[in-house]
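Source file query.cif; content: mmCIF, C-alpha atoms.
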```cif
data_upload
loop_
_atom_site.label_atom_id
_atom_site.label_comp_id
_atom_site.auth_asym_id
_atom_site.auth_seq_id
_atom_site.Cartn_x
_atom_site.Cartn_y
_atom_site.Cartn_z
CA MET A 1 0.00 0.00 0.00
CA LYS A 2 1.49 3.32 -1.09
CA VAL A 3 1.18 6.18 1.40
CA ARG A 4 1.11 9.71 0.03
CA ILE A 5 3.56 12.01 1.77
CA GLU A 6 3.11 15.76 1.47
CA ARG A 7 6.48 17.35 0.78
CA LEU A 8 7.59 20.96 1.02
CA PRO A 9 9.97 22.11 -1.73
CA THR A 10 13.09 23.88 -0.51
CA GLY A 11 13.37 26.30 -3.43
CA VAL A 12 17.02 25.32 -3.98
CA GLU A 13 17.60 24.41 -7.61
CA GLY A 14 18.60 20.75 -7.91
CA PHE A 15 18.17 19.89 -4.23
CA ASP A 16 14.60 18.59 -4.09
CA GLU A 17 15.46 15.86 -6.58
CA LEU A 18 17.75 14.42 -3.90
CA ILE A 19 14.83 13.95 -1.46
CA GLN A 20 11.94 12.84 -3.67
CA GLY A 21 10.57 16.32 -4.19
CA GLY A 22 10.95 18.02 -0.82
CA ILE A 23 10.97 17.77 2.97
CA PRO A 24 8.02 15.81 4.42
CA ARG A 25 5.50 18.06 6.13
CA GLY A 26 5.96 18.22 9.89
CA PHE A 27 9.61 17.16 9.83
CA PHE A 28 12.28 18.81 11.97
CA VAL A 29 15.49 18.72 9.93
CA ALA A 30 19.00 19.44 11.18
CA VAL A 31 21.04 21.65 8.85
CA VAL A 32 24.62 21.26 10.01
CA GLY A 33 28.10 22.26 8.94
CA GLU A 34 31.06 24.53 9.44
CA PRO A 35 30.86 28.32 9.05
CA GLY A 36 30.75 29.54 5.47
CA THR A 37 29.27 26.41 3.92
CA GLY A 38 25.89 27.86 2.89
CA LYS A 39 23.55 26.86 5.73
CA SER A 40 21.90 30.27 6.12
CA ILE A 41 21.46 30.69 2.38
CA PHE A 42 19.78 27.29 2.19
CA CYS A 43 17.41 28.42 4.95
CA ILE A 44 16.67 31.70 3.18
CA HIS A 45 15.66 29.72 0.08
CA PHE A 46 13.40 27.53 2.20
CA ILE A 47 11.57 30.54 3.63
CA ALA A 48 11.40 32.31 0.25
CA GLU A 49 9.76 29.21 -1.23
CA GLY A 50 7.31 29.18 1.67
CA ILE A 51 6.35 32.79 0.92
CA ARG A 52 5.82 31.86 -2.73
CA GLU A 53 3.63 28.89 -1.76
CA GLY A 54 1.50 30.86 0.71
CA ASP A 55 2.83 29.23 3.89
CA LYS A 56 3.22 30.93 7.26
CA ASN A 57 6.94 31.65 7.70
CA ILE A 58 9.10 32.32 10.76
CA TYR A 59 12.86 32.89 10.69
CA VAL A 60 14.70 33.04 14.03
CA THR A 61 18.15 34.61 13.69
CA THR A 62 20.65 34.40 16.54
CA GLU A 63 23.92 35.30 14.78
CA GLU A 64 22.81 38.05 12.40
CA SER A 65 20.40 40.93 12.77
CA ARG A 66 16.98 41.00 11.14
CA GLU A 67 18.25 43.62 8.70
CA SER A 68 21.17 41.41 7.69
CA ILE A 69 18.83 38.53 6.82
CA ILE A 70 16.64 40.88 4.77
CA ARG A 71 19.71 42.17 2.88
CA GLN A 72 21.00 38.65 2.19
CA ALA A 73 17.61 37.60 0.84
CA ALA A 74 17.54 40.68 -1.41
CA GLN A 75 20.89 39.63 -2.92
CA PHE A 76 19.14 36.58 -4.34
CA GLY A 77 16.00 38.37 -5.46
CA PHE A 78 13.80 37.62 -2.42
CA ASP A 79 11.82 40.54 -0.98
CA PHE A 80 11.57 39.61 2.70
CA GLU A 81 10.72 43.19 3.68
CA ARG A 82 7.57 43.09 1.57
CA ALA A 83 6.65 39.66 2.94
CA ILE A 84 6.92 41.05 6.49
CA ASP A 85 4.70 44.02 5.60
CA GLU A 86 2.12 41.67 4.05
CA GLY A 87 2.00 39.42 7.12
CA LYS A 88 3.59 36.42 5.41
CA LEU A 89 6.84 36.38 7.38
CA VAL A 90 8.09 37.11 10.88
CA ILE A 91 11.83 37.41 11.53
CA ILE A 92 12.56 36.97 15.23
CA ASP A 93 15.79 38.77 16.06
CA ALA A 94 17.70 37.15 18.92
CA LEU A 95 20.97 38.96 18.22
CA MET A 96 19.69 42.48 18.83
CA GLY A 97 17.54 41.38 21.73
CA GLY A 98 17.74 44.69 23.53
CA ARG A 99 15.54 46.40 20.97
CA ASP A 100 12.02 47.33 21.95
CA ASP A 101 9.99 45.61 19.24
CA PRO A 102 7.58 42.67 19.43
CA TRP A 103 9.78 40.31 17.42
CA SER A 104 13.00 40.51 19.40
CA LEU A 105 14.07 37.64 21.63
CA HIS A 106 15.40 39.02 24.90
CA GLU A 107 16.59 35.71 26.40
CA LEU A 108 18.55 32.92 24.73
CA THR A 109 16.62 30.11 26.38
CA PRO A 110 14.61 27.33 24.71
CA GLU A 111 11.53 28.39 26.70
CA ALA A 112 11.75 31.97 25.44
CA LEU A 113 12.33 30.70 21.90
CA VAL A 114 9.28 28.43 21.93
CA GLU A 115 7.07 31.12 23.46
CA LYS A 116 8.05 33.72 20.85
CA VAL A 117 7.68 31.29 17.93
CA ILE A 118 4.17 30.32 19.05
CA GLU A 119 3.30 34.01 19.43
CA ALA A 120 4.49 34.61 15.85
CA LYS A 121 2.47 31.65 14.55
CA LYS A 122 -0.70 32.99 16.19
CA TYR A 123 0.00 36.38 14.61
CA LEU A 124 0.43 34.82 11.14
CA GLY A 125 -2.69 32.69 11.49
CA ARG A 126 -3.69 29.14 10.69
CA GLY A 127 -2.11 27.12 7.93
CA ARG A 128 0.97 25.19 6.93
CA ALA A 129 4.01 26.75 8.55
CA ARG A 130 7.75 26.86 7.96
CA LEU A 131 10.27 27.58 10.70
CA VAL A 132 14.00 28.26 10.62
CA VAL A 133 16.14 28.57 13.76
CA ASP A 134 19.55 29.84 12.72
CA SER A 135 21.19 28.67 14.79
CA MET A 136 20.23 26.36 17.65
CA SER A 137 23.86 26.32 18.79
CA ALA A 138 23.41 29.74 20.39
CA PHE A 139 21.04 28.28 22.98
CA TRP A 140 23.63 26.00 24.56
CA LEU A 141 26.82 28.02 24.25
CA ASP A 142 27.38 27.94 28.01
CA LYS A 143 25.93 24.44 28.53
CA PRO A 144 26.84 22.31 25.51
CA ALA A 145 25.95 19.09 27.32
CA MET A 146 22.31 20.25 27.30
CA ALA A 147 22.11 20.40 23.49
CA ARG A 148 20.13 17.19 23.11
CA LYS A 149 17.67 18.06 25.89
CA TYR A 150 17.04 21.55 24.53
CA SER A 151 16.59 20.27 20.98
CA TYR A 152 14.10 17.65 22.12
CA TYR A 153 12.12 20.24 24.06
CA VAL A 154 11.86 22.57 21.06
CA LYS A 155 10.72 19.75 18.77
CA ARG A 156 8.24 18.28 21.25
CA VAL A 157 6.45 21.58 21.85
CA LEU A 158 6.52 23.08 18.36
CA TYR A 159 5.60 19.86 16.54
CA ARG A 160 1.97 20.43 17.55
CA TRP A 161 1.86 23.72 15.64
CA ASP A 162 2.19 22.23 12.14
CA PHE A 163 5.74 23.43 11.59
CA THR A 164 8.17 22.02 9.08
CA ALA A 165 11.44 23.22 10.52
CA LEU A 166 15.10 23.65 9.68
CA LEU A 167 17.25 23.71 12.83
CA VAL A 168 20.76 24.94 12.09
CA ALA A 169 23.75 23.74 14.13
CA GLN A 170 27.28 25.10 13.83
CA TYR A 171 30.19 22.69 13.62
CA ALA A 172 33.80 23.23 14.61
CA VAL A 173 36.25 24.08 11.85
CA THR A 174 38.94 21.84 13.36
CA THR A 175 37.01 18.58 13.65
CA SER A 176 33.85 19.18 11.57
CA LEU A 177 32.00 17.94 14.63
CA GLY A 178 29.55 19.61 16.97
CA PHE A 179 29.70 18.98 20.69
CA GLY A 180 26.59 17.29 22.05
CA PHE A 181 25.11 16.24 18.70
CA GLY A 182 21.83 17.51 20.14
CA VAL A 183 19.95 18.50 17.01
CA GLU A 184 20.94 15.41 15.05
CA HIS A 185 19.66 13.06 17.76
CA VAL A 186 16.11 14.40 17.57
CA ALA A 187 15.97 15.31 13.87
CA ASP A 188 13.83 13.59 11.26
CA GLY A 189 16.46 14.48 8.68
CA ILE A 190 20.08 15.62 8.51
CA ILE A 191 21.43 17.85 5.74
CA ARG A 192 25.17 18.39 6.06
CA PHE A 193 27.14 21.14 4.34
CA ARG A 194 30.89 20.99 3.89
CA LYS A 195 33.69 22.96 2.25
CA ALA A 196 37.18 22.19 1.00
CA VAL A 197 39.95 23.79 -1.00
CA VAL A 198 40.44 21.72 -4.15
CA GLY A 199 43.08 22.79 -6.65
CA GLY A 200 43.45 26.10 -4.87
CA THR A 201 39.72 26.93 -5.10
CA LEU A 202 37.15 26.88 -2.30
CA ARG A 203 34.33 24.48 -3.07
CA ARG A 204 31.14 23.77 -1.15
CA TYR A 205 29.24 20.52 -0.87
CA VAL A 206 26.01 19.10 0.50
CA ILE A 207 24.95 15.57 1.42
CA VAL A 208 21.66 14.27 2.78
CA GLU A 209 22.69 11.95 5.60
CA LYS A 210 19.19 11.15 6.83
CA MET A 211 15.60 11.80 5.74
CA ARG A 212 12.92 9.57 7.18
CA GLN A 213 10.22 8.21 4.85
CA THR A 214 12.40 9.18 1.90
CA GLN A 215 14.59 7.35 -0.61
CA HIS A 216 17.21 10.08 -0.58
CA ASP A 217 20.35 10.38 -2.66
CA LEU A 218 23.40 9.05 -0.80
CA ARG A 219 26.02 10.96 -2.76
CA MET A 220 27.77 14.20 -1.91
CA HIS A 221 26.98 16.98 -4.38
CA GLU A 222 28.90 20.13 -5.15
CA ILE A 223 26.94 23.37 -4.75
CA GLU A 224 27.45 26.92 -5.97
CA ILE A 225 26.16 30.24 -4.65
CA LEU A 226 25.61 32.96 -7.23
CA ASP A 227 24.70 36.61 -6.66
CA GLY A 228 21.20 37.29 -7.94
CA VAL A 229 20.44 33.56 -8.11
CA GLY A 230 21.32 31.93 -4.80
CA MET A 231 22.22 28.31 -4.20
CA ARG A 232 22.28 25.64 -6.89
CA VAL A 233 23.13 21.96 -6.56
CA LYS A 234 25.53 20.83 -9.24
CA ARG A 235 26.94 17.40 -10.00
CA PRO A 236 27.76 14.60 -7.59
CA THR A 237 31.38 14.76 -6.51
CA PRO A 238 33.86 11.87 -6.70
CA TYR A 239 35.24 12.97 -3.34
CA ARG A 240 34.02 11.49 -0.08
CA LYS A 241 33.41 13.50 3.08
CA GLU A 242 36.25 11.48 4.65
CA ASP A 243 38.59 12.97 2.05
CA PHE A 244 38.17 16.36 3.73
CA ALA A 245 38.25 15.21 7.35
CA LEU A 246 41.15 15.01 9.75
CA PRO A 247 42.49 11.50 10.42
CA LYS A 248 40.40 9.65 13.01
CA SER A 249 43.30 9.44 15.46
CA VAL A 250 43.66 13.24 15.39
CA VAL A 251 39.90 13.78 15.80
CA ASP A 252 39.85 11.34 18.75
CA ARG A 253 42.62 13.25 20.53
CA ILE A 254 40.89 16.59 19.95
CA LEU A 255 37.58 15.24 21.24
CA GLU A 256 39.22 13.69 24.28
CA ALA A 257 40.80 17.03 25.18
CA GLU A 258 37.47 18.78 24.58
CA LEU A 259 35.63 16.35 26.88
CA ARG A 260 38.15 16.93 29.66
CA ARG A 261 37.68 20.68 29.26
CA ARG A 262 33.88 20.37 29.34
CA ARG A 263 33.99 18.26 32.50
CA GLU A 264 36.07 20.94 34.19
CA ILE A 265 33.64 23.67 33.07
CA LEU A 266 30.53 21.75 34.10
CA GLY A 267 32.10 20.57 37.31
CA GLY A 268 29.89 17.52 37.37
CA GLU A 269 26.66 19.57 37.57
CA GLU A 270 23.76 17.44 38.68
CA GLY A 271 21.45 16.28 35.92
CA GLU A 272 23.88 16.97 33.07
CA THR A 273 25.81 14.40 31.11
CA ILE A 274 28.87 14.91 28.97
CA LEU A 275 27.65 12.79 26.07
#
```
This entry written out as structure tokens:
Amino acid sequence: MKVRIERLPTGVEGFDELIQGGIPRGFFVAVVGEPGTGKSIFCIHFIAEGIREGDKNIYVTTEESRESIIRQAAQFGFDFERAIDEGKLVIIDALMGGRDDPWSLHELTPEALVEKVIEAKKYLGRGRARLVVDSMSAFWLDKPAMARKYSYYVKRVLYRWDFTALLVAQYAVTTSLGFGFGVEHVADGIIRFRKAVVGGTLRRYVIVEKMRQTQHDLRMHEIEILDGVGMRVKRPTPYRKEDFALPKSVVDRILEAELRRRREILGGEEGETIL
């Protein structure tokens, strides 16, 4: 018996073909990678496509201002300012939280995040909704061992509000790993972005590592980001993600040192685990 799955297109040229046409409705997908790999641009496309399709759209920004997101979108031909004025989009600004406006997040806590997102959804009204949190990493900067707990809380509460969500997580440049692996543990899908210098030129890549209920492509694909166009998925690459990673022995030593440092910081706080 074939079950029909409603899928939301991402708006990224060439990407939806990798996941049978789009992200299944109601999924919470982890978008992970190092800085500069294209995660935010991917999310901007996702929201722009939601505006085009008539969805309710919420973008939470923790590392850039609202104005910066609007300017980035404009670079690729997306008029986020107009969408805000027309009640199709809310950008919740968690970076400039001191501002006195209704869509600023004054506390970087999962409870404050959930409360403000629900408030924005009520403002936008009923209907299929898209959510981006860019990035979740900001909510556990001082307590990285809580990443999994916080991620689960956000998903458990917001799932009831008909969101299809992209939850961004930053990864370390040195190891390409993120401490806590919180978002990935609770995610219905994992989209990983990478970068490498090949032949003296910076190249960016994407691979779908997980997407439930989906026969997704298992290959890494090269991507390009063009002014006035945005992100496009190009050909599969002959390189493997391991080709760009540090040797396992080096990664293990780095992680071991990081764990020792985290234990010292946490001081064995009750109720928190290191992994």
Using only C-alpha atoms, tabulate the residues of region 201-246 of chain A lying at most 10 Å from any atom of region 38-58 of chain A, each with its closest atom pair and that distance in Å to one decimal, by chain and increasing residue number, as CSV.
```
residue,atom,partner,partner_atom,distance
A:Arg204,CA,A:Gly38,CA,7.8
A:Tyr205,CA,A:Gly38,CA,8.9
A:Val206,CA,A:Gly38,CA,9.1
A:Ile223,CA,A:Gly38,CA,8.9
A:Glu224,CA,A:Gly38,CA,9.0
A:Ile225,CA,A:Gly38,CA,7.9
A:Gly230,CA,A:Ile41,CA,7.3
A:Met231,CA,A:Phe42,CA,6.9
A:Arg232,CA,A:Phe42,CA,9.6
```
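Going from CA of Leu18 (chain A) to CA of Ile207 (chain A) covers 9.0 Å.
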Near-Val29 (chain A) list (12 Å; only C-alpha atoms; drop same-chain fewer than 5 positions) as a PyMOL selection string
chain A and resi 10+22-24+43+46+130-133+136+151+155+159+163-169+183-192+208-212
Expected selection from the PyMOL selection byres ((chain A and resi 137-139) around 12), given as an NGL selection string:
:A and (30-34 or 60-64 or 94-95 or 105 or 107-114 or 133-136 or 140-151 or 154 or 167-172 or 178-184)
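Using all atoms listed in the file for every distance, the candidate list A:Ile19, A:Glu6, A:Asp162, A:Asp85 yields A:Ile19 as the residue closest to Leu218 (chain A).
Contact shell of Gly87 (chain A) at 7 Å (all atoms listed in the file; same-chain neighbours under 3 positions omitted): Ala83, Ile84 and Leu124 of chain A.
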